[in-house]
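> Just so it is clear, I am handing over run_25.tsv, which has TSV, C-alpha atoms.
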```tsv
chain	number	residue	atom	x	y	z
A	1	MET	CA	-32.15	-35.42	12.03
A	2	PRO	CA	-34.31	-38.26	13.41
A	3	ASN	CA	-35.29	-38.47	17.07
A	4	THR	CA	-35.47	-41.45	19.42
A	5	ILE	CA	-38.76	-42.41	21.06
A	6	ILE	CA	-39.72	-45.32	23.32
A	7	ILE	CA	-42.46	-47.44	21.74
A	8	GLY	CA	-42.63	-50.34	24.19
A	9	SER	CA	-41.37	-51.51	27.58
A	10	GLY	CA	-41.23	-54.54	29.84
A	11	CYS	CA	-39.73	-55.70	33.10
A	12	TYR	CA	-39.12	-58.85	35.09
A	13	ILE	CA	-39.49	-58.62	38.88
A	14	PRO	CA	-38.47	-61.89	40.60
A	15	ASN	CA	-41.03	-63.69	42.74
A	16	ARG	CA	-38.76	-64.27	45.75
A	17	VAL	CA	-39.34	-61.53	48.32
A	18	ILE	CA	-36.33	-61.20	50.63
A	19	GLY	CA	-37.12	-59.42	53.90
A	20	ARG	CA	-34.99	-58.63	56.93
A	21	ASP	CA	-35.44	-62.14	58.38
A	22	TYR	CA	-33.30	-63.52	55.55
A	23	PHE	CA	-30.22	-61.84	57.07
A	24	MET	CA	-30.84	-62.66	60.74
A	25	ASN	CA	-28.22	-65.41	60.88
A	26	SER	CA	-25.51	-63.28	59.24
A	27	GLU	CA	-22.13	-62.43	60.76
A	28	PHE	CA	-21.30	-58.94	59.58
A	29	TYR	CA	-17.84	-57.36	59.50
A	30	THR	CA	-16.63	-53.78	59.11
A	31	GLU	CA	-14.73	-52.64	56.02
A	32	ASP	CA	-11.55	-53.18	58.08
A	33	GLY	CA	-12.38	-56.85	58.62
A	34	VAL	CA	-13.47	-56.54	62.25
A	35	LYS	CA	-16.48	-58.59	63.31
A	36	ILE	CA	-19.45	-56.48	64.39
A	37	GLU	CA	-20.36	-57.68	67.88
A	38	LYS	CA	-23.66	-55.87	68.36
A	39	PRO	CA	-26.82	-57.92	67.73
A	40	VAL	CA	-27.48	-58.46	64.04
A	41	GLU	CA	-31.05	-57.23	64.56
A	42	GLU	CA	-29.64	-53.80	65.42
A	43	THR	CA	-27.42	-53.77	62.32
A	44	ILE	CA	-30.37	-54.65	60.09
A	45	ALA	CA	-32.67	-52.11	61.73
A	46	LYS	CA	-30.08	-49.34	61.28
A	47	PHE	CA	-29.62	-50.33	57.66
A	48	VAL	CA	-33.37	-50.15	56.99
A	49	GLU	CA	-33.55	-46.76	58.72
A	50	ILE	CA	-30.85	-45.30	56.44
A	51	THR	CA	-31.70	-46.94	53.11
A	52	GLU	CA	-35.45	-47.59	53.60
A	53	ILE	CA	-34.94	-51.00	51.97
A	54	GLU	CA	-37.35	-53.31	53.76
A	55	ASN	CA	-37.62	-55.91	50.98
A	56	ARG	CA	-35.77	-56.84	47.83
A	57	ARG	CA	-36.19	-59.52	45.14
A	58	PHE	CA	-33.85	-62.42	44.33
A	59	ILE	CA	-34.18	-64.74	41.34
A	60	GLU	CA	-34.74	-68.48	41.74
A	61	ASP	CA	-31.72	-70.78	41.60
A	62	ASP	CA	-32.69	-72.14	38.17
A	63	LEU	CA	-32.83	-68.69	36.53
A	64	SER	CA	-30.02	-66.61	35.04
A	65	ASN	CA	-29.34	-63.00	34.09
A	66	SER	CA	-29.92	-63.63	30.38
A	67	GLN	CA	-33.16	-65.47	31.14
A	68	ILE	CA	-34.72	-62.60	33.08
A	69	GLY	CA	-33.35	-60.15	30.50
A	70	TYR	CA	-35.07	-62.22	27.83
A	71	GLU	CA	-38.35	-62.16	29.79
A	72	ALA	CA	-38.28	-58.36	30.02
A	73	ALA	CA	-37.27	-58.04	26.35
A	74	LYS	CA	-40.07	-60.32	25.18
A	75	ILE	CA	-42.66	-58.19	27.00
A	76	ALA	CA	-41.14	-54.99	25.59
A	77	LEU	CA	-41.27	-56.30	22.01
A	78	GLU	CA	-44.88	-57.41	22.46
A	79	ASP	CA	-45.76	-54.02	23.94
A	80	ALA	CA	-44.07	-52.25	21.01
A	81	LYS	CA	-45.72	-54.61	18.50
A	82	VAL	CA	-42.29	-55.12	16.94
A	83	ASP	CA	-41.03	-58.34	15.39
A	84	GLY	CA	-37.55	-59.15	16.70
A	85	GLU	CA	-36.36	-59.54	13.11
A	86	GLU	CA	-36.81	-55.76	12.69
A	87	LEU	CA	-34.22	-54.95	15.34
A	88	ASP	CA	-31.01	-53.31	14.18
A	89	TYR	CA	-29.32	-53.54	17.59
A	90	ILE	CA	-29.76	-55.27	20.93
A	91	ILE	CA	-27.92	-53.39	23.69
A	92	TYR	CA	-27.64	-55.26	26.99
A	93	ALA	CA	-26.42	-53.48	30.14
A	94	SER	CA	-25.10	-55.45	33.12
A	95	ASN	CA	-22.16	-55.44	35.51
A	96	PHE	CA	-21.42	-59.13	35.91
A	97	GLY	CA	-23.02	-60.83	32.92
A	98	GLU	CA	-24.08	-64.44	33.38
A	99	VAL	CA	-22.79	-65.08	36.90
A	100	THR	CA	-21.46	-68.63	37.30
A	101	GLU	CA	-22.06	-70.87	40.33
A	102	ASN	CA	-18.72	-69.82	41.84
A	103	GLY	CA	-19.51	-66.14	41.38
A	104	TYR	CA	-17.44	-65.34	38.30
A	105	ALA	CA	-18.65	-62.84	35.68
A	106	ASP	CA	-19.27	-64.53	32.33
A	107	PHE	CA	-19.61	-62.39	29.19
A	108	MET	CA	-18.79	-64.96	26.52
A	109	PRO	CA	-20.94	-65.12	24.50
A	110	THR	CA	-22.27	-61.63	25.14
A	111	MET	CA	-25.48	-61.16	27.07
A	112	ALA	CA	-27.05	-59.44	24.06
A	113	ALA	CA	-26.17	-62.41	21.86
A	114	ARG	CA	-27.74	-64.82	24.36
A	115	VAL	CA	-30.98	-62.83	24.36
A	116	LYS	CA	-31.02	-62.66	20.56
A	117	ASN	CA	-30.68	-66.44	20.57
A	118	LYS	CA	-33.48	-66.89	23.13
A	119	LEU	CA	-35.73	-64.60	21.07
A	120	GLY	CA	-35.02	-66.77	18.02
A	121	ILE	CA	-33.93	-63.79	15.90
A	122	LYS	CA	-32.36	-64.92	12.61
A	123	ASN	CA	-31.47	-61.47	11.25
A	124	ARG	CA	-27.68	-61.57	10.91
A	125	LYS	CA	-27.52	-57.78	10.69
A	126	CYS	CA	-29.06	-57.36	14.13
A	127	VAL	CA	-25.96	-56.31	16.09
A	128	THR	CA	-25.57	-57.56	19.67
A	129	TYR	CA	-23.72	-55.23	22.02
A	130	ASP	CA	-22.99	-55.42	25.76
A	131	MET	CA	-22.81	-52.18	27.75
A	132	ILE	CA	-20.60	-52.50	30.86
A	133	PHE	CA	-20.80	-49.11	32.54
A	134	GLY	CA	-21.72	-49.69	36.18
A	135	CYS	CA	-25.22	-48.87	37.43
A	136	PRO	CA	-25.62	-46.16	34.73
A	137	GLY	CA	-25.29	-48.87	32.05
A	138	TRP	CA	-28.91	-48.89	30.88
A	139	VAL	CA	-29.07	-45.09	30.63
A	140	GLU	CA	-25.79	-45.19	28.69
A	141	GLY	CA	-27.31	-47.87	26.47
A	142	MET	CA	-30.15	-45.47	25.72
A	143	ILE	CA	-27.65	-42.72	24.93
A	144	LEU	CA	-25.82	-45.07	22.55
A	145	ALA	CA	-29.13	-46.01	20.92
A	146	ASP	CA	-29.95	-42.34	20.44
A	147	ASN	CA	-26.55	-41.68	18.85
A	148	LEU	CA	-26.99	-44.65	16.49
A	149	ILE	CA	-30.46	-43.47	15.47
A	150	LYS	CA	-29.39	-39.85	14.98
A	151	ALA	CA	-26.46	-41.09	12.88
A	152	LYS	CA	-29.00	-43.08	10.81
A	153	VAL	CA	-27.08	-46.28	11.53
A	154	ALA	CA	-30.17	-47.87	13.12
A	155	LYS	CA	-33.93	-47.37	13.26
A	156	THR	CA	-35.16	-49.87	15.88
A	157	ILE	CA	-33.20	-50.89	18.97
A	158	LEU	CA	-33.89	-53.05	22.03
A	159	VAL	CA	-32.18	-51.74	25.19
A	160	ILE	CA	-32.07	-54.12	28.18
A	161	GLY	CA	-30.78	-53.69	31.71
A	162	ALA	CA	-30.61	-56.82	33.88
A	163	GLU	CA	-28.62	-57.90	36.91
A	164	THR	CA	-28.38	-60.74	39.41
A	165	LEU	CA	-26.51	-58.97	42.19
A	166	SER	CA	-27.63	-61.47	44.83
A	167	ARG	CA	-24.98	-63.81	43.39
A	168	VAL	CA	-22.03	-61.44	43.76
A	169	THR	CA	-22.49	-60.08	47.28
A	170	ASP	CA	-20.27	-60.88	50.26
A	171	PRO	CA	-22.34	-62.64	52.97
A	172	HIS	CA	-20.30	-60.78	55.62
A	173	ASP	CA	-20.78	-57.29	54.16
A	174	ARG	CA	-23.71	-55.20	55.45
A	175	ASN	CA	-24.00	-53.64	51.99
A	176	ARG	CA	-25.25	-56.97	50.64
A	177	MET	CA	-28.68	-55.94	51.96
A	178	ILE	CA	-28.82	-53.14	49.37
A	179	PHE	CA	-28.56	-55.29	46.27
A	180	ALA	CA	-31.25	-57.19	44.38
A	181	ASP	CA	-32.11	-58.84	41.07
A	182	GLY	CA	-34.30	-57.72	38.20
A	183	ALA	CA	-34.57	-56.79	34.54
A	184	GLY	CA	-36.09	-54.01	32.48
A	185	ALA	CA	-36.19	-53.31	28.74
A	186	VAL	CA	-37.49	-50.82	26.19
A	187	VAL	CA	-37.78	-50.72	22.42
A	188	VAL	CA	-36.77	-47.40	20.88
A	189	LYS	CA	-37.46	-46.29	17.33
A	190	SER	CA	-36.47	-43.53	14.95
A	191	THR	CA	-39.04	-40.81	14.28
A	192	ASP	CA	-39.05	-37.74	12.09
A	193	GLU	CA	-41.31	-35.94	14.57
A	194	GLU	CA	-39.46	-32.91	15.91
A	195	ASN	CA	-38.60	-32.09	19.53
A	196	VAL	CA	-39.68	-35.42	21.03
A	197	GLY	CA	-37.96	-38.41	22.57
A	198	ILE	CA	-34.41	-38.00	23.85
A	199	ILE	CA	-33.91	-34.24	23.53
A	200	ALA	CA	-30.72	-33.98	25.61
A	201	HIS	CA	-28.20	-36.21	27.35
A	202	ASN	CA	-24.90	-35.97	29.23
A	203	THR	CA	-22.32	-38.44	30.46
A	204	ILE	CA	-19.51	-37.84	32.96
A	205	CYS	CA	-16.70	-40.30	33.70
A	206	ASP	CA	-14.50	-39.58	36.71
A	207	ASN	CA	-11.90	-42.34	36.66
A	208	GLY	CA	-9.18	-40.87	38.89
A	209	PRO	CA	-9.30	-41.40	42.66
A	210	GLU	CA	-12.97	-42.36	42.23
A	211	LEU	CA	-12.03	-45.46	40.23
A	212	ASN	CA	-12.16	-47.85	43.18
A	213	TYR	CA	-15.21	-46.54	45.02
A	214	LEU	CA	-16.93	-49.63	43.59
A	215	GLU	CA	-14.90	-52.71	42.70
A	216	ASN	CA	-14.51	-56.46	43.13
A	217	GLN	CA	-12.72	-57.60	46.28
A	218	PRO	CA	-12.38	-60.74	48.45
A	219	SER	CA	-14.66	-61.17	51.47
A	220	ILE	CA	-14.09	-58.71	54.32
A	221	ASN	CA	-14.06	-61.77	56.60
A	222	LYS	CA	-10.39	-62.79	56.31
A	223	GLU	CA	-11.15	-66.24	57.71
A	224	VAL	CA	-12.95	-67.37	54.56
A	225	ASP	CA	-11.81	-68.05	50.98
A	226	GLN	CA	-9.98	-64.95	49.71
A	227	LYS	CA	-9.92	-66.09	46.07
A	228	ARG	CA	-13.59	-65.47	45.35
A	229	LEU	CA	-14.42	-61.85	44.56
A	230	TYR	CA	-17.50	-59.88	45.59
A	231	VAL	CA	-18.86	-56.44	44.83
A	232	ARG	CA	-17.42	-53.95	47.31
A	233	MET	CA	-18.30	-50.30	47.70
A	234	LEU	CA	-17.06	-47.39	49.76
A	235	GLY	CA	-20.46	-46.13	50.84
A	236	ARG	CA	-19.42	-42.80	52.35
A	237	LYS	CA	-17.19	-41.91	49.38
A	238	ILE	CA	-19.99	-42.72	46.92
A	239	TYR	CA	-22.51	-40.71	48.93
A	240	GLU	CA	-20.29	-37.63	48.99
A	241	TYR	CA	-19.39	-37.98	45.30
A	242	ALA	CA	-23.02	-38.40	44.24
A	243	LEU	CA	-24.30	-35.42	46.22
A	244	LYS	CA	-21.60	-33.19	44.81
A	245	ASN	CA	-21.82	-34.23	41.17
A	246	VAL	CA	-25.18	-35.76	40.22
A	247	PRO	CA	-27.41	-32.68	40.81
A	248	VAL	CA	-25.07	-30.55	38.68
A	249	ALA	CA	-25.07	-33.15	35.89
A	250	ILE	CA	-28.89	-33.27	35.91
A	251	LYS	CA	-29.15	-29.47	35.83
A	252	ASP	CA	-26.70	-29.24	32.93
A	253	THR	CA	-28.77	-31.75	30.95
A	254	ILE	CA	-32.01	-29.91	31.66
A	255	THR	CA	-30.30	-26.69	30.50
A	256	ASP	CA	-29.08	-28.40	27.33
A	257	ALA	CA	-32.72	-29.32	26.63
A	258	GLY	CA	-33.64	-25.64	26.89
A	259	LEU	CA	-35.72	-26.29	30.00
A	260	SER	CA	-35.79	-25.52	33.72
A	261	ILE	CA	-36.78	-27.59	36.74
A	262	GLU	CA	-40.42	-26.47	36.58
A	263	ASP	CA	-40.64	-28.06	33.11
A	264	ILE	CA	-39.71	-31.50	34.47
A	265	ASP	CA	-42.59	-33.77	35.50
A	266	LYS	CA	-40.65	-36.79	36.78
A	267	ILE	CA	-37.08	-37.66	37.68
A	268	LEU	CA	-36.36	-41.38	37.42
A	269	ILE	CA	-33.21	-41.58	39.50
A	270	HIS	CA	-31.16	-44.70	40.17
A	271	GLN	CA	-32.40	-46.35	43.37
A	272	ALA	CA	-29.21	-46.95	45.35
A	273	ASN	CA	-30.08	-45.60	48.77
A	274	ALA	CA	-33.24	-43.68	49.69
A	275	LYS	CA	-31.38	-41.20	51.88
A	276	MET	CA	-28.94	-40.44	49.06
A	277	ASP	CA	-31.72	-40.07	46.48
A	278	TYR	CA	-33.67	-37.66	48.65
A	279	ALA	CA	-30.53	-35.58	49.19
A	280	MET	CA	-29.66	-35.47	45.48
A	281	ILE	CA	-33.16	-34.35	44.47
A	282	GLU	CA	-33.15	-31.70	47.21
A	283	ARG	CA	-29.76	-30.38	46.06
A	284	LEU	CA	-30.96	-30.30	42.45
A	285	HIS	CA	-33.87	-28.08	43.43
A	286	ARG	CA	-31.54	-25.95	45.53
A	287	LEU	CA	-29.51	-25.23	42.38
A	288	TYR	CA	-32.67	-23.57	41.08
A	289	ASP	CA	-33.29	-21.81	44.43
A	290	VAL	CA	-36.37	-23.99	44.95
A	291	LYS	CA	-36.97	-24.94	48.58
A	292	GLU	CA	-40.46	-26.45	48.38
A	293	TYR	CA	-41.37	-29.07	45.77
A	294	ASP	CA	-43.63	-32.08	45.31
A	295	HIS	CA	-41.60	-35.12	46.32
A	296	ALA	CA	-43.70	-37.23	43.94
A	297	ILE	CA	-41.45	-35.83	41.21
A	298	SER	CA	-38.99	-38.57	42.15
A	299	PRO	CA	-40.72	-41.99	42.34
A	300	MET	CA	-39.17	-44.59	44.65
A	301	THR	CA	-39.04	-48.37	44.24
A	302	ILE	CA	-36.06	-49.13	46.45
A	303	GLN	CA	-38.15	-49.80	49.56
A	304	ASN	CA	-39.53	-53.04	48.13
A	305	LEU	CA	-37.32	-53.87	45.15
A	306	GLY	CA	-33.86	-52.90	46.45
A	307	ASN	CA	-31.02	-51.73	44.21
A	308	THR	CA	-31.23	-53.64	40.93
A	309	SER	CA	-28.48	-51.57	39.32
A	310	VAL	CA	-29.00	-51.28	35.54
A	311	ALA	CA	-32.55	-52.65	35.82
A	312	THR	CA	-33.77	-49.90	38.15
A	313	ILE	CA	-34.78	-47.16	35.73
A	314	PRO	CA	-36.30	-49.27	32.92
A	315	THR	CA	-38.27	-51.22	35.55
A	316	MET	CA	-39.56	-47.99	37.09
A	317	TYR	CA	-40.43	-46.61	33.65
A	318	ASP	CA	-42.39	-49.75	32.78
A	319	LEU	CA	-44.30	-49.78	36.08
A	320	ILE	CA	-45.30	-46.12	35.78
A	321	ILE	CA	-46.30	-46.11	32.11
A	322	LYS	CA	-48.46	-49.21	32.70
A	323	GLY	CA	-50.17	-47.69	35.75
A	324	LYS	CA	-48.61	-50.12	38.23
A	325	MET	CA	-47.13	-47.52	40.62
A	326	GLU	CA	-49.75	-45.95	42.84
A	327	GLY	CA	-49.94	-42.19	42.50
A	328	GLN	CA	-47.48	-42.08	39.60
A	329	SER	CA	-48.10	-41.37	35.90
A	330	PHE	CA	-46.50	-39.66	32.93
A	331	LYS	CA	-48.01	-36.61	31.24
A	332	GLU	CA	-48.71	-36.51	27.53
A	333	ASN	CA	-46.02	-34.32	25.95
A	334	GLY	CA	-44.38	-34.13	29.38
A	335	ASN	CA	-40.66	-34.06	30.14
A	336	ILE	CA	-38.89	-36.58	32.36
A	337	VAL	CA	-35.29	-37.07	33.45
A	338	MET	CA	-33.59	-40.47	33.68
A	339	THR	CA	-30.33	-40.38	35.62
A	340	SER	CA	-27.88	-42.72	37.29
A	341	VAL	CA	-24.53	-42.87	39.08
A	342	GLY	CA	-22.27	-45.84	39.66
A	343	ALA	CA	-19.01	-47.72	39.26
A	344	GLY	CA	-16.32	-45.85	37.42
A	345	MET	CA	-17.39	-43.41	38.80
A	346	ASN	CA	-19.83	-42.64	36.01
A	347	ILE	CA	-22.84	-40.32	35.89
A	348	ASN	CA	-25.34	-39.84	33.09
A	349	ALA	CA	-28.67	-38.17	32.48
A	350	ILE	CA	-31.31	-37.99	29.76
A	351	VAL	CA	-34.16	-35.56	29.23
A	352	TYR	CA	-36.98	-37.41	27.48
A	353	ARG	CA	-40.10	-35.76	26.03
A	354	PHE	CA	-43.16	-37.89	25.39
A	355	PRO	CA	-44.64	-37.56	21.88
```
Do you think you could lay out the structure here as structure tokens?

Amino acid sequence: MPNTIIIGSGCYIPNRVIGRDYFMNSEFYTEDGVKIEKPVEETIAKFVEITEIENRRFIEDDLSNSQIGYEAAKIALEDAKVDGEELDYIIYASNFGEVTENGYADFMPTMAARVKNKLGIKNRKCVTYDMIFGCPGWVEGMILADNLIKAKVAKTILVIGAETLSRVTDPHDRNRMIFADGAGAVVVKSTDEENVGIIAHNTICDNGPELNYLENQPSINKEVDQKRLYVRMLGRKIYEYALKNVPVAIKDTITDAGLSIEDIDKILIHQANAKMDYAMIERLHRLYDVKEYDHAISPMTIQNLGNTSVATIPTMYDLIIKGKMEGQSFKENGNIVMTSVGAGMNINAIVYRFP
């Protein structure tokens, strides 16, 4: 059975740096629609204290999701030294597609098809597929790619994660300060080399009472247009769900790979909230009765890039493998985990071994 290895990567990090001053003129409301009367500076400072997000990146007005996805994909293909005509699949993960000026999600044509067009790929057998799976969408795209390669349906696949969340956030919701824009991509390829690449993966979908922890809703300020929808999340519910379920899902995947926590060199975890990420990594180690560990095992980008949803993990991967994250690197023949949690609620994890 063939295995799936990453042979190239790329990312697009927008140039616009959005700091706390950007939100100083905001009027924030509670989830119940009550205006928050305390000074906005206090609200922002408390937010930074909890999430550690000091800066985030927004795309320019003349750019789009598919454009930044294309930019990341182009770099990944060049890095992999792969001609786009060789691709069997393009898998594109996003939550809102090509967001229109009035904030609507646009998926027709698919994001993958738009990128294939921008890349100028003529191969009619290159299948374009959109993965809509919440923040875990890119990881799930990688899992799909692995399944396609192991089934010998495909040999070379481009997996993109890109989002423009700045265009779907409620200006009156404090949570808008979490979200950001960005794109990441990798090229994966079939190999006959044994025990390398994606050696284990798991996906969990809890779609009962957790279904609406993340959804689209009108503004929490009832005085403004209630027809336009924005991303809305129940922060406390998500925090509790993630802490209970994500560490167990990661451990199960590591076990499936025949490994233990001491065999894992890095954990690339979705950057949603620094406090939540720290807690999940701590609980994971606690499952192994490990109290002391090197916190560098879990690299962090959220402080300066914010939560870019599906773009988070491929962007982090690209930065580390190209030596652009200080103090972070991958080991030859080392094992890493890629894991995410998000709307659905969905959780997934991959154990990847470098060739």
> Counting all atoms listed in the file, which of A:Asp170, A:Glu71, A:Asp277, A:Glu41 gets nearest to Leu229 in chain A?
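Checking each candidate against Leu229 in chain A, we get A:Asp170 as the closest.
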> Could you state the separation of CA of Gln303 in chain A and CA of Phe23 in chain A in Å, given to one decimal place?
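One can read the CA of Gln303 in chain A to CA of Phe23 in chain A distance as 16.3 Å.
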> Could I get the residues of range 58-112 of chain A with an atom no further than 12 Å from an atom of range 312-333 of chain A, each paired with its nearest atom pair and that distance in Å to one decimal, using only C-alpha atoms, sorted by chain and residue number, as a Markdown table?

```
| residue | atom | partner | partner_atom | distance |
| --- | --- | --- | --- | --- |
| A:Gly69 | CA | A:Thr315 | CA | 11.4 |
| A:Ala72 | CA | A:Thr315 | CA | 9.0 |
| A:Ala73 | CA | A:Pro314 | CA | 11.0 |
| A:Ile75 | CA | A:Asp318 | CA | 10.2 |
| A:Ala76 | CA | A:Asp318 | CA | 9.0 |
| A:Asp79 | CA | A:Lys322 | CA | 10.4 |
| A:Ala93 | CA | A:Pro314 | CA | 11.1 |
| A:Ser94 | CA | A:Thr312 | CA | 11.5 |
```
> For each of A:Glu240, A:Glu98, A:Asp294, A:Glu78, take the minimum atom-to-atom distance to Glu262 in chain A, counting all atoms listed in the file, then give the residue where this is smallest.
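Using all atoms listed in the file, the shortest distance to Glu262 in chain A belongs to A:Asp294.
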> Which residues of range 74-189 of chain A come within 8 Å of range 193-206 of chain A, and for each one, what is the closest pair of atoms and their distance in Å to one decimal, counting all atoms listed in the file, sorted by chain and residue number, as a Markdown table?

```
| residue | atom | partner | partner_atom | distance |
| --- | --- | --- | --- | --- |
| A:Glu140 | CA | A:Thr203 | CA | 7.8 |
| A:Ile143 | CA | A:His201 | CA | 7.0 |
| A:Asp146 | CA | A:Ile198 | CA | 7.1 |
```
> Could you pull range 217-245 of chain A out of the structure I just pasted and write it to a file containing C-alpha atoms, as a CSV table (one decimal), in the first residue's frame?

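Result went into part.csv, see below:
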```csv
chain,number,residue,atom,x,y,z
A,217,GLN,CA,-26.0,34.5,13.1
A,218,PRO,CA,-27.1,38.2,12.8
A,219,SER,CA,-25.2,40.9,14.6
A,220,ILE,CA,-25.5,40.8,18.4
A,221,ASN,CA,-26.4,44.5,18.2
A,222,LYS,CA,-30.1,44.4,17.6
A,223,GLU,CA,-30.2,48.0,16.3
A,224,VAL,CA,-28.4,47.1,13.1
A,225,ASP,CA,-29.3,45.1,10.0
A,226,GLN,CA,-30.4,41.6,11.2
A,227,LYS,CA,-30.4,40.1,7.7
A,228,ARG,CA,-26.6,39.9,7.3
A,229,LEU,CA,-25.1,36.9,8.9
A,230,TYR,CA,-21.7,36.7,10.8
A,231,VAL,CA,-19.7,34.0,12.3
A,232,ARG,CA,-20.8,33.4,15.9
A,233,MET,CA,-19.3,31.2,18.5
A,234,LEU,CA,-20.1,30.1,22.0
A,235,GLY,CA,-16.6,30.5,23.4
A,236,ARG,CA,-17.1,28.8,26.8
A,237,LYS,CA,-18.8,25.8,25.3
A,238,ILE,CA,-16.1,25.4,22.7
A,239,TYR,CA,-13.4,25.7,25.4
A,240,GLU,CA,-14.9,23.0,27.5
A,241,TYR,CA,-15.6,20.7,24.5
A,242,ALA,CA,-12.1,21.1,23.2
A,243,LEU,CA,-10.4,20.4,26.6
A,244,LYS,CA,-12.5,17.3,27.1
A,245,ASN,CA,-12.2,15.8,23.7
```
